[in-house]
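Undergrad: My structure is stored as protein_30.txt, with compact mmCIF, C-alpha atoms.
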# COMPACT_ATOMS: atom_id res chain seq x y z
CA MET G 19 -6.50 7.21 13.26
CA PRO G 20 -7.75 8.99 10.15
CA GLY G 21 -8.04 6.84 7.08
CA LEU G 22 -7.85 3.54 8.96
CA GLY G 23 -11.51 3.01 9.78
CA TRP G 24 -12.44 0.23 7.37
CA GLU G 25 -10.57 -2.75 8.80
CA ASP G 26 -11.96 -5.72 10.66
CA TRP G 27 -10.04 -5.01 13.83
CA THR G 28 -11.43 -8.08 15.53
CA ALA G 29 -9.08 -10.19 13.42
CA ALA G 30 -6.10 -8.41 14.94
CA LYS G 31 -7.55 -8.43 18.48
CA VAL G 32 -6.81 -4.70 18.71
CA ASP G 33 -8.97 -1.70 19.60
CA PRO G 34 -7.91 1.00 17.09
CA ASP G 35 -8.94 3.79 19.48
CA ARG G 36 -6.64 2.47 22.19
CA LEU G 37 -3.51 1.48 20.35
CA PRO G 38 -0.47 2.12 22.55
CA THR G 39 1.80 4.87 21.24
CA ASP G 40 4.62 2.41 20.64
CA TRP G 41 2.54 0.20 18.31
CA GLY G 42 2.56 0.44 14.54
CA TRP G 43 2.68 -1.28 11.17
CA LYS G 44 5.20 -3.20 9.13
CA VAL G 45 5.16 -4.50 5.57
CA THR G 46 7.19 -7.51 4.47
CA ARG G 47 7.14 -10.13 1.77
CA PRO G 48 3.99 -12.29 2.01
CA SER G 49 6.12 -15.03 3.61
CA GLY G 50 7.01 -12.71 6.48
CA ARG G 51 10.62 -12.16 5.43
CA GLY G 52 11.92 -8.63 5.07
CA PHE G 53 12.47 -6.84 1.78
CA ASP G 54 15.81 -6.15 0.12
CA ASP G 55 18.72 -6.45 2.56
CA ASP G 56 16.51 -7.15 5.59
CA PRO G 57 17.12 -10.87 6.34
CA ILE G 58 14.73 -11.24 9.28
CA ASP G 59 11.92 -13.80 9.23
CA TYR G 60 9.20 -11.83 11.01
CA ALA G 61 6.71 -14.68 10.79
CA ALA G 62 9.11 -16.88 12.76
CA CYS G 63 9.60 -14.10 15.31
CA LEU G 64 5.84 -13.91 15.79
CA ARG G 65 5.59 -17.68 16.13
CA ASP G 66 8.45 -17.82 18.65
CA ARG G 67 7.45 -14.59 20.43
CA ARG G 68 10.97 -13.25 19.91
CA SER G 69 11.88 -9.58 20.09
CA ILE G 70 13.98 -8.28 17.20
CA LEU G 71 16.87 -5.98 18.09
CA ILE G 72 16.97 -2.78 16.02
CA GLU G 73 20.45 -2.16 14.67
CA GLU G 74 22.18 1.04 13.53
CA THR G 75 24.32 -1.02 11.17
CA PRO G 76 24.73 -4.81 11.03
CA GLY G 77 25.97 -5.92 14.43
CA VAL G 78 25.69 -2.44 16.01
CA PRO G 79 22.55 -1.91 18.14
CA LEU G 80 20.66 1.35 17.72
CA ARG G 81 20.46 3.39 20.94
CA ARG G 82 17.87 6.13 21.37
CA ARG G 83 16.10 7.80 24.28
CA LYS G 84 12.84 8.12 22.34
CA GLN G 85 10.94 5.68 20.15
CA PRO G 86 13.01 5.31 16.97
CA TRP G 87 10.18 4.92 14.45
CA HIS G 88 12.24 6.41 11.67
CA ARG G 89 14.85 3.72 12.24
CA ALA G 90 12.65 0.76 13.19
CA ALA G 91 14.02 -1.32 10.34
CA PRO G 92 12.78 -0.80 6.76
CA HIS G 93 9.07 -0.48 5.96
CA ALA G 94 7.80 0.22 9.47
CA SER G 95 5.67 3.10 10.69
CA SER G 96 3.75 4.34 13.71
CA ALA G 97 0.07 3.50 14.12
CA SER G 98 -1.16 6.81 12.63
CA TYR G 99 -0.25 5.94 9.03
CA LEU G 100 0.69 2.94 6.91
CA PRO G 101 4.16 2.34 5.50
CA PHE G 102 4.48 2.37 1.71
CA THR G 103 6.29 -0.16 -0.42
CA THR G 104 6.45 -0.41 -4.19
CA GLU G 105 6.79 -4.18 -3.75
CA ILE G 106 3.76 -6.18 -4.82
CA PRO G 107 2.78 -8.57 -3.33
CA PHE G 108 3.40 -7.78 0.34
CA GLY G 109 2.31 -8.81 3.83
CA LEU G 110 1.03 -6.45 6.56
CA TRP G 111 1.72 -6.80 10.27
CA ILE G 112 0.97 -5.08 13.56
CA MET G 113 4.10 -4.59 15.63
CA SER G 114 5.32 -2.64 18.63
CA LEU G 115 8.57 -1.09 19.81
CA ALA G 116 9.82 -1.76 23.33
CA PRO G 117 12.93 -0.36 25.05
CA ASN G 118 15.40 -2.80 26.53
CA ASP G 119 16.64 -2.45 30.11
CA ASP G 120 20.16 -1.34 29.20
CA GLU G 121 20.21 2.44 29.63
CA GLU G 122 23.46 4.20 28.76
CA HIS G 123 24.38 7.85 28.19
CA SER G 124 23.42 7.53 24.52
CA GLY G 125 20.09 5.89 25.32
CA ARG G 126 18.66 2.38 25.33
CA THR G 127 18.48 -0.32 22.71
CA TRP G 128 15.06 -1.09 21.26
CA GLY G 129 13.33 -4.22 20.07
CA GLN G 130 10.50 -4.90 17.63
CA ARG G 131 7.77 -7.34 18.60
CA MET G 132 5.37 -8.74 16.02
CA TRP G 133 1.81 -9.07 17.33
CA SER G 134 -0.29 -10.17 14.39
CA GLN G 135 -0.35 -10.53 10.62
CA VAL G 136 -3.43 -8.82 9.17
CA PRO G 137 -4.89 -8.85 5.65
CA ALA G 138 -2.59 -6.98 3.27
CA TRP G 139 -5.53 -5.31 1.51
CA TRP G 140 -6.02 -3.15 4.62
CA ALA G 141 -3.07 -1.08 3.37
CA LEU G 142 -4.95 -0.30 0.13
CA GLY G 143 -8.02 1.41 1.56
CA PRO G 144 -11.77 0.77 1.83
CA GLN G 145 -11.77 -0.88 -1.62
CA GLY G 146 -8.51 -2.66 -0.84
CA ARG G 147 -9.57 -6.04 -2.22
CA THR G 148 -10.55 -4.45 -5.53
CA ALA G 149 -7.36 -2.36 -5.57
CA ALA G 150 -5.27 -5.51 -5.11
CA ALA G 151 -7.22 -7.14 -7.96
CA LEU G 152 -6.52 -4.13 -10.19
CA LEU G 153 -2.78 -4.29 -9.49
CA ALA G 154 -2.70 -8.03 -10.17
CA ARG G 155 -4.55 -7.50 -13.48
CA LEU G 156 -2.19 -4.73 -14.58
CA GLU G 157 0.81 -6.96 -13.85
CA LYS G 158 -0.54 -9.54 -16.33
CA LEU G 159 -1.47 -7.26 -19.26
CA THR G 160 -0.41 -8.25 -22.75
CA TRP G 161 1.01 -5.42 -24.83
CA ASP G 162 -2.13 -5.52 -26.99
CA GLU G 163 -4.16 -4.88 -23.83
CA VAL G 164 -1.92 -1.93 -22.94
CA LEU G 165 -2.62 -0.48 -26.39
CA THR G 166 -6.35 -1.10 -25.89
CA LEU G 167 -6.10 0.74 -22.58
CA ARG G 168 -4.41 3.62 -24.41
CA ARG G 169 -7.21 3.87 -26.99
CA SER G 170 -9.96 3.56 -24.39
CA TYR G 171 -9.05 6.85 -22.75
CA ASN G 172 -10.01 8.90 -25.79
CA LYS G 173 -13.06 6.72 -26.40
CA ALA G 174 -14.34 7.33 -22.89
CA TRP G 175 -13.45 11.02 -22.83
CA PRO G 176 -13.14 12.57 -26.28
CA THR G 177 -11.27 15.88 -26.31
CA GLU G 178 -14.40 17.90 -27.09
CA ARG G 179 -16.17 16.65 -23.93
CA GLU G 180 -13.46 15.87 -21.42
CA ASP G 181 -14.87 14.91 -18.02
CA PRO G 182 -13.70 16.96 -14.98
CA ALA G 183 -13.97 13.84 -12.77
CA TRP G 184 -10.20 13.78 -12.11
CA TYR G 185 -10.28 17.26 -10.55
CA GLU G 186 -13.43 16.47 -8.60
CA ALA G 187 -11.75 13.35 -7.20
CA GLN G 188 -8.70 15.36 -6.18
CA ASP G 189 -10.89 17.78 -4.25
CA LEU G 190 -12.95 15.02 -2.63
CA ALA G 191 -9.86 13.06 -1.58
CA ALA G 192 -8.32 16.18 -0.03
CA SER G 193 -11.48 17.13 1.87
CA ALA G 194 -12.03 13.58 3.16
CA SER G 195 -8.42 12.90 4.27
CA ARG G 196 -7.99 10.41 1.44
CA ALA G 197 -5.23 12.25 -0.49
CA THR G 198 -2.47 10.03 0.91
CA LEU G 199 -4.41 6.89 0.07
CA LYS G 200 -5.17 8.18 -3.44
CA ASN G 201 -1.51 8.97 -4.07
CA THR G 202 -0.47 5.57 -2.72
CA LEU G 203 -2.83 3.69 -5.04
CA ILE G 204 -1.71 5.79 -8.01
CA LYS G 205 1.95 5.06 -7.24
CA HIS G 206 1.23 1.33 -6.96
CA THR G 207 -0.63 1.48 -10.28
CA GLU G 208 2.15 3.35 -12.08
CA THR G 209 4.69 0.85 -10.76
CA ALA G 210 2.61 -2.15 -11.85
CA LEU G 211 2.11 -0.71 -15.33
CA ASP G 212 5.82 0.11 -15.66
CA ARG G 213 6.77 -3.45 -14.67
CA THR G 214 4.40 -4.84 -17.26
CA ALA G 215 5.87 -2.60 -19.98
CA ARG G 216 9.40 -3.69 -19.10
CA SER G 217 8.36 -7.33 -19.34
CA HIS G 218 7.44 -6.58 -22.96
CA SER G 219 10.67 -4.58 -23.53
CA LYS G 220 8.58 -1.41 -23.73
CA ARG G 221 8.13 1.69 -21.59
CA ILE G 222 5.19 3.76 -20.35
CA ARG G 223 5.50 7.51 -20.89
CA GLY G 224 4.43 9.79 -18.07
CA PHE G 225 0.91 11.18 -18.61
CA SER G 226 0.33 8.78 -21.51
CA ASP G 227 -3.28 7.82 -22.14
CA GLU G 228 -2.72 4.27 -20.89
CA GLN G 229 -1.17 5.58 -17.69
CA LYS G 230 -4.01 8.04 -17.15
CA ALA G 231 -6.65 5.33 -17.72
CA ALA G 232 -5.04 3.11 -15.07
CA CYS G 233 -4.37 5.93 -12.58
CA PHE G 234 -7.92 7.25 -12.91
CA ALA G 235 -9.09 3.79 -11.87
CA ALA G 236 -6.77 3.90 -8.85
CA ALA G 237 -8.14 7.31 -7.85
CA ALA G 238 -11.67 5.94 -8.23
CA LEU G 239 -10.99 3.16 -5.75
CA ALA G 240 -9.69 5.67 -3.20
CA ILE G 241 -13.02 7.51 -3.09
CA GLU G 242 -15.61 5.01 -4.37
CA ASP G 243 -17.32 4.57 -0.99
CA LEU G 244 -17.64 8.37 -0.73
CA SER G 245 -19.02 8.96 -4.23
CA PRO G 246 -19.91 5.86 -6.28
CA SER G 247 -21.10 7.98 -9.22
CA LEU G 248 -17.79 9.88 -9.41
CA ALA G 249 -15.86 6.62 -9.19
CA HIS G 250 -17.96 5.18 -12.01
CA ARG G 251 -16.97 8.08 -14.25
CA LEU G 252 -13.29 7.68 -13.40
CA LEU G 253 -13.44 3.96 -14.15
CA GLY G 254 -14.84 4.58 -17.64
CA PRO G 255 -11.61 4.13 -19.67
CA LEU G 256 -10.59 0.98 -17.77
CA ARG G 257 -14.08 -0.47 -18.12
CA LEU G 258 -14.03 0.01 -21.92
CA ALA G 259 -10.65 -1.71 -22.22
CA LEU G 260 -10.63 -4.42 -19.57
CA GLY G 261 -14.17 -4.74 -18.22
CA ASP G 262 -15.50 -4.12 -14.72
CA VAL G 263 -12.68 -3.92 -12.14
CA HIS G 264 -15.05 -5.29 -9.49
CA THR G 265 -15.12 -8.64 -11.29
CA TYR G 266 -11.34 -9.13 -11.30
CA PRO G 267 -10.14 -11.99 -9.08
CA VAL G 268 -8.58 -10.89 -5.80
CA PRO G 269 -5.03 -12.25 -5.44
CA SER G 270 -4.40 -14.61 -2.54
CA TRP G 271 -1.68 -12.41 -1.00
CA ALA G 272 -4.25 -9.68 -0.30
CA HIS G 273 -6.05 -11.95 2.19
CA SER G 274 -3.00 -13.51 3.84
CA GLN G 275 -2.86 -13.30 7.60
How does this structure look as structure tokens?

TA:
Amino acid sequence: MPGLGWEDWTAAKVDPDRLPTDWGWKVTRPSGRGFDDDPIDYAACLRDRRSILIEETPGVPLRRRKQPWHRAAPHASSASYLPFTTEIPFGLWIMSLAPNDDEEHSGRTWGQRMWSQVPAWWALGPQGRTAAALLARLEKLTWDEVLTLRRSYNKAWPTEREDPAWYEAQDLAASASRATLKNTLIKHTETALDRTARSHSKRIRGFSDEQKAACFAAAALAIEDLSPSLAHRLLGPLRLALGDVHTYPVPSWAHSQ
């Protein structure tokens, strides 16, 4: 499973090289309840060892002949990639799909079974703990800190000597199968910064210096284990404004399992 090699699989009691094809991932609220209009308490289902019927619409079971990963309730995916949610914080689970013994012409109904809750930071990459800490810090910025972040970009990289680190990171992420992870961390970062701006009745412009400073940090954490020196360059603007990201406290939801 490319990109999923950093986890402590012992905690989940799963061999990643032998995951059954009908196993996968699910993200929920940290409590185990679903997001938005999904009312299911997945933590309770794990505790009670209950299978969860997949429905086409409320009260109407979904029938398919093949594994219905694209319909396996919101925020679920197969084992080969992790589902994305803009919700922070979140919980991460290992689940499986199993057909029920009720074959009809249109197919069988399917159930979800929750196997284990695993640390949420797994979904954020090799530097997942630090990435979670970055998101938590961005969510708590004062507007003065946002303005400091804006100014730090030009201080770190004046126009006359702009660093090509961003383009180098793009190439490295693509060659090392980290592009999806990089894009995920950038999206999380943009969302966190936007939420902070709204809390101050402000807005963040696309490609603004404050957005670039934060997103460069997200890109750095996607490739830091591959090239620490490149990550250090990308983290420059954030470091000038808010200090060393590696010293930020890791939020409790990132460790929940």

Undergrad: Could you give me, as a ChimeraX atom specification, the residues within 12 Å of region 221-225 of chain G, counting all atoms listed in the file and dropping anything in the same chain fewer than 3 positions from it?

TA: /G:161,164-165,167-168,171,207-218,228-234

Undergrad: Pick out the closest residue to Ala235 (chain G) from this set: G:Ala149, G:Leu159, G:Ala194, G:Ala61. Count all atoms listed in the file.

TA: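 Of G:Ala149, G:Leu159, G:Ala194, G:Ala61, the one nearest Ala235 (chain G), counting all atoms listed in the file, is G:Ala149.
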
Undergrad: Would you mind reading off the distance between CA of Leu156 (chain G) and CA of Ala236 (chain G), one decimal, in Å?

TA: 11.3 Å

Undergrad: Mind giving me the straight-line distance from CA of Asp55 (chain G) to CA of Thr75 (chain G) in Å, one decimal?

TA: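 If I compute the distance from CA of Asp55 (chain G) to CA of Thr75 (chain G), I get 11.6 Å.
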
Undergrad: One decimal, Å: what's the distance from CA of Val45 (chain G) over to CA of Tyr60 (chain G), could you say?

TA: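 According to the coordinates, CA of Val45 (chain G) and CA of Tyr60 (chain G) are separated by 10.0 Å.
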
Undergrad: My list of candidates is G:Gly254, G:Pro182, G:Gly77, G:Pro137. Which is closest to His273 (chain G) when distances are computed with only C-alpha atoms?

TA: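 Selected residue with least distance to His273 (chain G): G:Pro137.
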
Undergrad: Hey, what's within 7 Å of Gly109 (chain G) if we count all atoms listed in the file and toss same-chain stuff fewer than 4 positions away? As a list in words, please?

TA: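 Result of the neighbour search: Val45, Thr46, Arg47, Pro48, Gly50 and Ala138 of chain G.
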
Undergrad: Kindly indicate which residue among G:Ser170, G:Thr39, G:Thr202, G:Ser49 lies nearest to Trp271 (chain G), using only C-alpha atoms for the distances.

TA: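 The answer is G:Ser49, which sits nearest to Trp271 (chain G).
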
Undergrad: When distances are computed from all atoms listed in the file, which of G:Trp128, G:Leu256, G:Val136, G:Glu121 shows the smallest separation from Glu74 (chain G)?

TA: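 Smallest distance to Glu74 (chain G) is found for G:Trp128.
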
Undergrad: For Thr166 (chain G), which residue out of G:Ile58, G:Cys63, G:Leu260, G:Met132 is the nearest one, using only C-alpha atoms?

TA: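 That would be G:Leu260, the residue with the smallest distance to Thr166 (chain G).
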
Undergrad: So, counting only C-alpha atoms, which residue among G:Ala249, G:Ile241, G:Arg147, G:Asn172 is closest to Ser193 (chain G)?

TA: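 Of G:Ala249, G:Ile241, G:Arg147, G:Asn172, the one nearest Ser193 (chain G), counting only C-alpha atoms, is G:Ile241.
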
Undergrad: Return as AutoDock Vina command-line options the centre and edge lengths, in Å with one decimal, of the box along x, y and z that encloses every atom of region 212-218 of chain G in the file, padded by 5 Å per side.

TA:
--center_x 6.9 --center_y -3.6 --center_z -18.8 --size_x 15.0 --size_y 17.4 --size_z 18.3
